[in-house]
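What follows is the content of structure.txt, which has compact mmCIF, C-alpha atoms:
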```txt
# COMPACT_ATOMS: atom_id res chain seq x y z
CA MET A 170 -40.36 21.88 17.00
CA ASN A 171 -39.76 23.97 13.89
CA VAL A 172 -37.48 23.00 11.01
CA ARG A 173 -34.87 25.70 11.70
CA THR A 174 -34.44 24.55 15.29
CA VAL A 175 -33.99 20.94 14.17
CA ILE A 176 -31.48 21.96 11.48
CA ALA A 177 -29.50 24.10 13.91
CA ALA A 178 -29.42 21.35 16.56
CA LEU A 179 -28.26 18.70 14.10
CA LEU A 180 -25.61 20.95 12.54
CA VAL A 181 -24.22 21.71 16.02
CA ALA A 182 -24.25 17.98 16.87
CA ALA A 183 -22.54 17.10 13.57
CA SER A 184 -19.91 19.81 14.14
CA VAL A 185 -19.15 18.44 17.61
CA LEU A 186 -18.89 14.91 16.20
CA LEU A 187 -16.55 16.08 13.44
CA VAL A 188 -13.93 16.87 16.07
CA PRO A 189 -12.53 13.37 16.64
CA PRO A 190 -12.61 12.25 20.26
CA GLN A 191 -9.21 11.80 21.81
CA ALA A 192 -8.49 8.10 22.21
CA GLN A 193 -5.16 6.35 22.67
CA ALA A 194 -5.83 3.61 20.13
CA GLY A 195 -6.31 3.76 16.36
CA ALA A 196 -9.59 3.33 14.51
CA ALA A 197 -11.54 0.16 15.44
CA ASP A 198 -8.96 -0.82 18.11
CA GLN A 199 -10.11 -1.60 21.64
CA GLY A 200 -10.87 1.59 23.59
CA SER A 201 -11.05 3.83 20.52
CA PHE A 202 -13.76 6.13 19.15
CA PHE A 203 -14.70 6.39 15.48
CA MET A 204 -16.84 8.95 13.63
CA SER A 205 -18.46 8.34 10.24
CA GLY A 206 -21.66 9.19 8.41
CA GLN A 207 -23.33 10.41 5.26
CA LEU A 208 -24.02 13.83 3.78
CA GLY A 209 -25.95 14.59 0.61
CA PHE A 210 -27.73 17.33 -1.32
CA ASN A 211 -29.82 16.87 -4.47
CA TYR A 212 -31.53 19.30 -6.83
CA TYR A 213 -34.40 17.97 -8.96
CA LEU A 214 -35.45 19.62 -12.23
CA LYS A 215 -39.12 19.89 -13.09
CA SER A 216 -40.51 17.58 -15.75
CA GLY A 217 -43.34 17.80 -18.25
CA HIS A 218 -44.29 14.16 -17.71
CA PRO A 219 -47.48 13.65 -15.65
CA GLU A 220 -45.93 10.96 -13.44
CA ASP A 221 -43.05 13.27 -12.45
CA SER A 222 -42.99 16.44 -10.38
CA GLN A 223 -44.27 19.54 -12.14
CA SER A 224 -41.89 21.75 -10.14
CA SER A 225 -38.23 21.66 -9.22
CA GLY A 226 -37.18 20.55 -5.75
CA ARG A 227 -34.20 19.88 -3.53
CA ASP A 228 -33.34 17.61 -0.66
CA PHE A 229 -30.70 17.51 2.07
CA ASN A 230 -29.59 14.53 4.15
CA ILE A 231 -27.06 14.29 6.98
CA ALA A 232 -26.44 11.18 9.06
CA PRO A 233 -23.58 11.42 11.60
CA ARG A 234 -22.52 8.25 13.47
CA LEU A 235 -20.25 7.84 16.48
CA LEU A 236 -18.97 4.48 17.72
CA TYR A 237 -16.95 3.35 20.72
CA PHE A 238 -15.00 0.07 20.41
CA PRO A 239 -15.08 -1.93 23.68
CA VAL A 240 -13.16 -4.67 21.83
CA LYS A 241 -11.18 -4.60 18.59
CA SER A 242 -13.37 -4.29 15.45
CA PHE A 243 -16.79 -4.22 17.22
CA GLY A 244 -18.26 -0.78 17.90
CA VAL A 245 -21.39 0.46 19.67
CA GLY A 246 -22.76 3.98 19.68
CA GLY A 247 -25.39 6.12 18.04
CA GLU A 248 -26.66 7.53 14.76
CA ALA A 249 -28.84 10.51 13.86
CA ASN A 250 -30.50 11.23 10.52
CA LEU A 251 -31.98 14.46 9.22
CA TYR A 252 -33.72 14.41 5.83
CA MET A 253 -35.47 17.42 4.28
CA TYR A 254 -37.21 17.67 0.92
CA PHE A 255 -38.52 20.96 -0.49
CA ASN A 256 -40.58 21.81 -3.56
CA ASP A 257 -44.24 22.86 -3.52
CA ASN A 258 -44.49 20.38 -0.65
CA LYS A 259 -42.14 19.93 2.29
CA GLN A 260 -41.04 16.80 4.09
CA THR A 261 -38.82 16.69 7.18
CA SER A 262 -37.67 13.50 8.87
CA LEU A 263 -35.57 13.20 12.01
CA ALA A 264 -34.38 9.87 13.40
CA ILE A 265 -32.04 9.01 16.26
CA GLY A 266 -31.01 5.77 17.93
CA PRO A 267 -28.36 3.18 18.78
CA ARG A 268 -25.92 1.62 16.28
CA ALA A 269 -23.61 -1.40 16.31
CA ALA A 270 -21.01 -2.20 13.64
CA TYR A 271 -18.21 -4.64 12.94
CA TYR A 272 -15.14 -3.33 11.03
CA LEU A 273 -12.74 -5.76 9.42
CA LYS A 274 -9.34 -4.68 10.69
CA PRO A 275 -6.36 -6.86 9.84
CA ASP A 276 -3.02 -5.06 9.88
CA ALA A 277 -2.84 -1.94 7.70
CA SER A 278 -0.72 -3.62 5.02
CA HIS A 279 -3.78 -5.63 3.90
CA TYR A 280 -5.90 -2.56 3.06
CA PRO A 281 -6.04 -0.87 -0.36
CA ARG A 282 -4.23 2.44 0.10
CA ASN A 283 -4.32 5.80 -1.67
CA CYS A 284 -7.55 5.06 -3.53
CA CYS A 285 -9.93 7.69 -4.82
CA LEU A 286 -10.25 10.66 -2.39
CA THR A 287 -8.32 9.27 0.56
CA PRO A 288 -4.88 10.69 -0.39
CA TRP A 289 -6.28 14.23 -0.03
CA PHE A 290 -7.90 13.55 3.33
CA GLY A 291 -5.48 11.27 5.14
CA GLY A 292 -2.15 11.28 3.34
CA ASN A 293 -0.27 8.06 2.73
CA SER A 294 -1.73 6.44 5.84
CA SER A 295 -5.27 6.37 4.40
CA TYR A 296 -6.98 3.07 3.74
CA TRP A 297 -10.46 1.56 3.46
CA MET A 298 -12.08 -0.49 6.24
CA PRO A 299 -14.83 -2.96 5.21
CA PHE A 300 -17.77 -3.03 7.66
CA VAL A 301 -21.25 -4.31 8.42
CA GLY A 302 -23.54 -2.23 10.64
CA VAL A 303 -27.06 -2.06 12.01
CA SER A 304 -29.05 0.85 13.49
CA LEU A 305 -32.52 1.06 15.03
CA MET A 306 -33.81 4.62 15.30
CA TYR A 307 -36.95 6.39 16.45
CA LEU A 308 -38.31 8.36 13.46
CA MET A 309 -40.37 11.56 13.47
CA ASN A 310 -41.76 12.64 10.10
CA ARG A 311 -43.62 15.83 9.06
CA TYR A 312 -45.17 16.32 5.64
CA ASP A 313 -46.65 19.68 4.50
CA TYR A 314 -48.86 19.42 1.42
CA SER A 315 -50.92 22.38 0.15
CA GLY A 316 -51.48 23.74 3.64
CA TYR A 317 -52.22 20.36 5.24
CA VAL A 318 -49.75 19.00 7.77
CA THR A 319 -49.34 15.32 8.51
CA LYS A 320 -47.11 14.04 11.30
CA ALA A 321 -46.10 10.44 11.88
CA SER A 322 -43.59 8.60 14.02
CA GLY A 323 -42.28 5.08 14.24
CA TYR A 324 -39.06 3.15 13.93
CA LEU A 325 -36.44 3.11 11.19
CA GLY A 326 -34.06 0.18 10.84
CA ARG A 327 -30.89 0.34 8.79
CA VAL A 328 -28.57 -2.54 7.89
CA GLY A 329 -25.59 -1.94 5.66
CA VAL A 330 -22.29 -3.23 4.39
CA GLY A 331 -19.57 -1.17 2.80
CA ALA A 332 -16.04 0.13 3.02
CA ALA A 333 -15.23 3.28 4.94
CA PRO A 334 -12.35 5.47 3.64
CA LEU A 335 -10.37 6.15 6.82
CA ILE A 336 -9.15 9.68 7.58
CA GLY A 337 -6.47 9.78 10.23
CA ASP A 338 -7.11 7.48 13.18
CA HIS A 339 -10.67 8.39 14.19
CA GLY A 340 -12.89 9.23 11.20
CA THR A 341 -14.04 8.47 7.68
CA ALA A 342 -14.88 10.65 4.67
CA PHE A 343 -18.31 12.25 5.00
CA ILE A 344 -19.34 11.27 1.46
```

Using the file provided, produce a representation of the structure as structure tokens.
Amino acid sequence: MNVRTVIAALLVAASVLLVPPQAQAGAADQGSFFMSGQLGFNYYLKSGHPEDSQSSGRDFNIAPRLLYFPVKSFGVGGEANLYMYFNDNKQTSLAIGPRAAYYLKPDASHYPRNCCLTPWFGGNSSYWMPFVGVSLMYLMNRYDYSGYVTKASGYLGRVGVGAAPLIGDHGTAFI
């Protein structure tokens, strides 16, 4: 599978996930769907130090997540991760697997509102939802170094805690 095919497939999947599923309940309520994730791009400058890279590079990471809440606050679903690093060498990693998360959801009056970026994304109804989540994904990794290609696969586990800035009823900021 070439890198362009993987990128195209993940961008299509992320675009589909960005359209919030239609559910009758609000975020983290029983019977609802919730979309979140991460997106990042970095550019590295070259350095004259021997322990650092002698050339500039860039990386890209996207990790969409989709959860369904069979009961209030507890969601199950899936996560995908695409990571690419480019300089003289290239690394591409693709991981996909199940995810479970618990979102703290007392009534909306207990959440901090209108903080940071949320007023621009969700209006006055925006708030942050604290969470703890765990994912276990199958990982495929490809590393190209001076014409040599190494491939490896295995499992990637992710455990995290945080606060998700809610956008509307079914998504969080992709930051």

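If you look at atom CA of A:Gly206 and atom CA of A:Leu273, they are 17.4 Å away from each other.
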
Two-atom distance - atom CA of A:Asn258, atom CA of A:Leu305 (Å): 27.6 Å

Give me the residues near stretch 234-236 of chain A as a compact mmCIF listing (two decimals) with C-alpha atoms, keeping the file's coordinate frame, where near means some atom within 7 Å (using all atoms listed in the file) and where sequence neighbours in that chain fewer than 5 positions away do not count.
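So around06.txt came out as:
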```txt
# COMPACT_ATOMS: atom_id res chain seq x y z
CA PHE A 202 -13.76 6.13 19.15
CA PHE A 203 -14.70 6.39 15.48
CA MET A 204 -16.84 8.95 13.63
CA SER A 205 -18.46 8.34 10.24
CA GLY A 206 -21.66 9.19 8.41
CA GLY A 244 -18.26 -0.78 17.90
CA VAL A 245 -21.39 0.46 19.67
CA GLY A 246 -22.76 3.98 19.68
CA GLY A 247 -25.39 6.12 18.04
CA GLU A 248 -26.66 7.53 14.76
CA ALA A 249 -28.84 10.51 13.86
```

- request: May I ask which of the residues A:Gly326, A:Tyr254, A:Pro239, A:Thr261 is the closest one to A:Tyr213, counting only C-alpha atoms?
  value: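 Ranked by minimum distance to A:Tyr213, first place goes to A:Tyr254.
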
field: Nearby residues (all atoms listed in the file) at most 7 Å from stretch 300-303 of chain A, same-chain spacing under 3 positions excluded, as a list of chain:residue names
entry: A:Arg268, A:Ala269, A:Ala270, A:Tyr271, A:Tyr272, A:Leu273, A:Arg327, A:Val328, A:Gly329, A:Val330, A:Gly331, A:Ala332

- prompt: Restricting the calculation to all atoms listed in the file, which member of A:Val318, A:Met253, A:Ala197, A:Met309 is positioned closest to A:Phe238?
  reply: A:Ala197

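Rounded to one decimal, atom CA of A:Tyr237 and atom CA of A:Phe210 lie 28.2 Å from each other.
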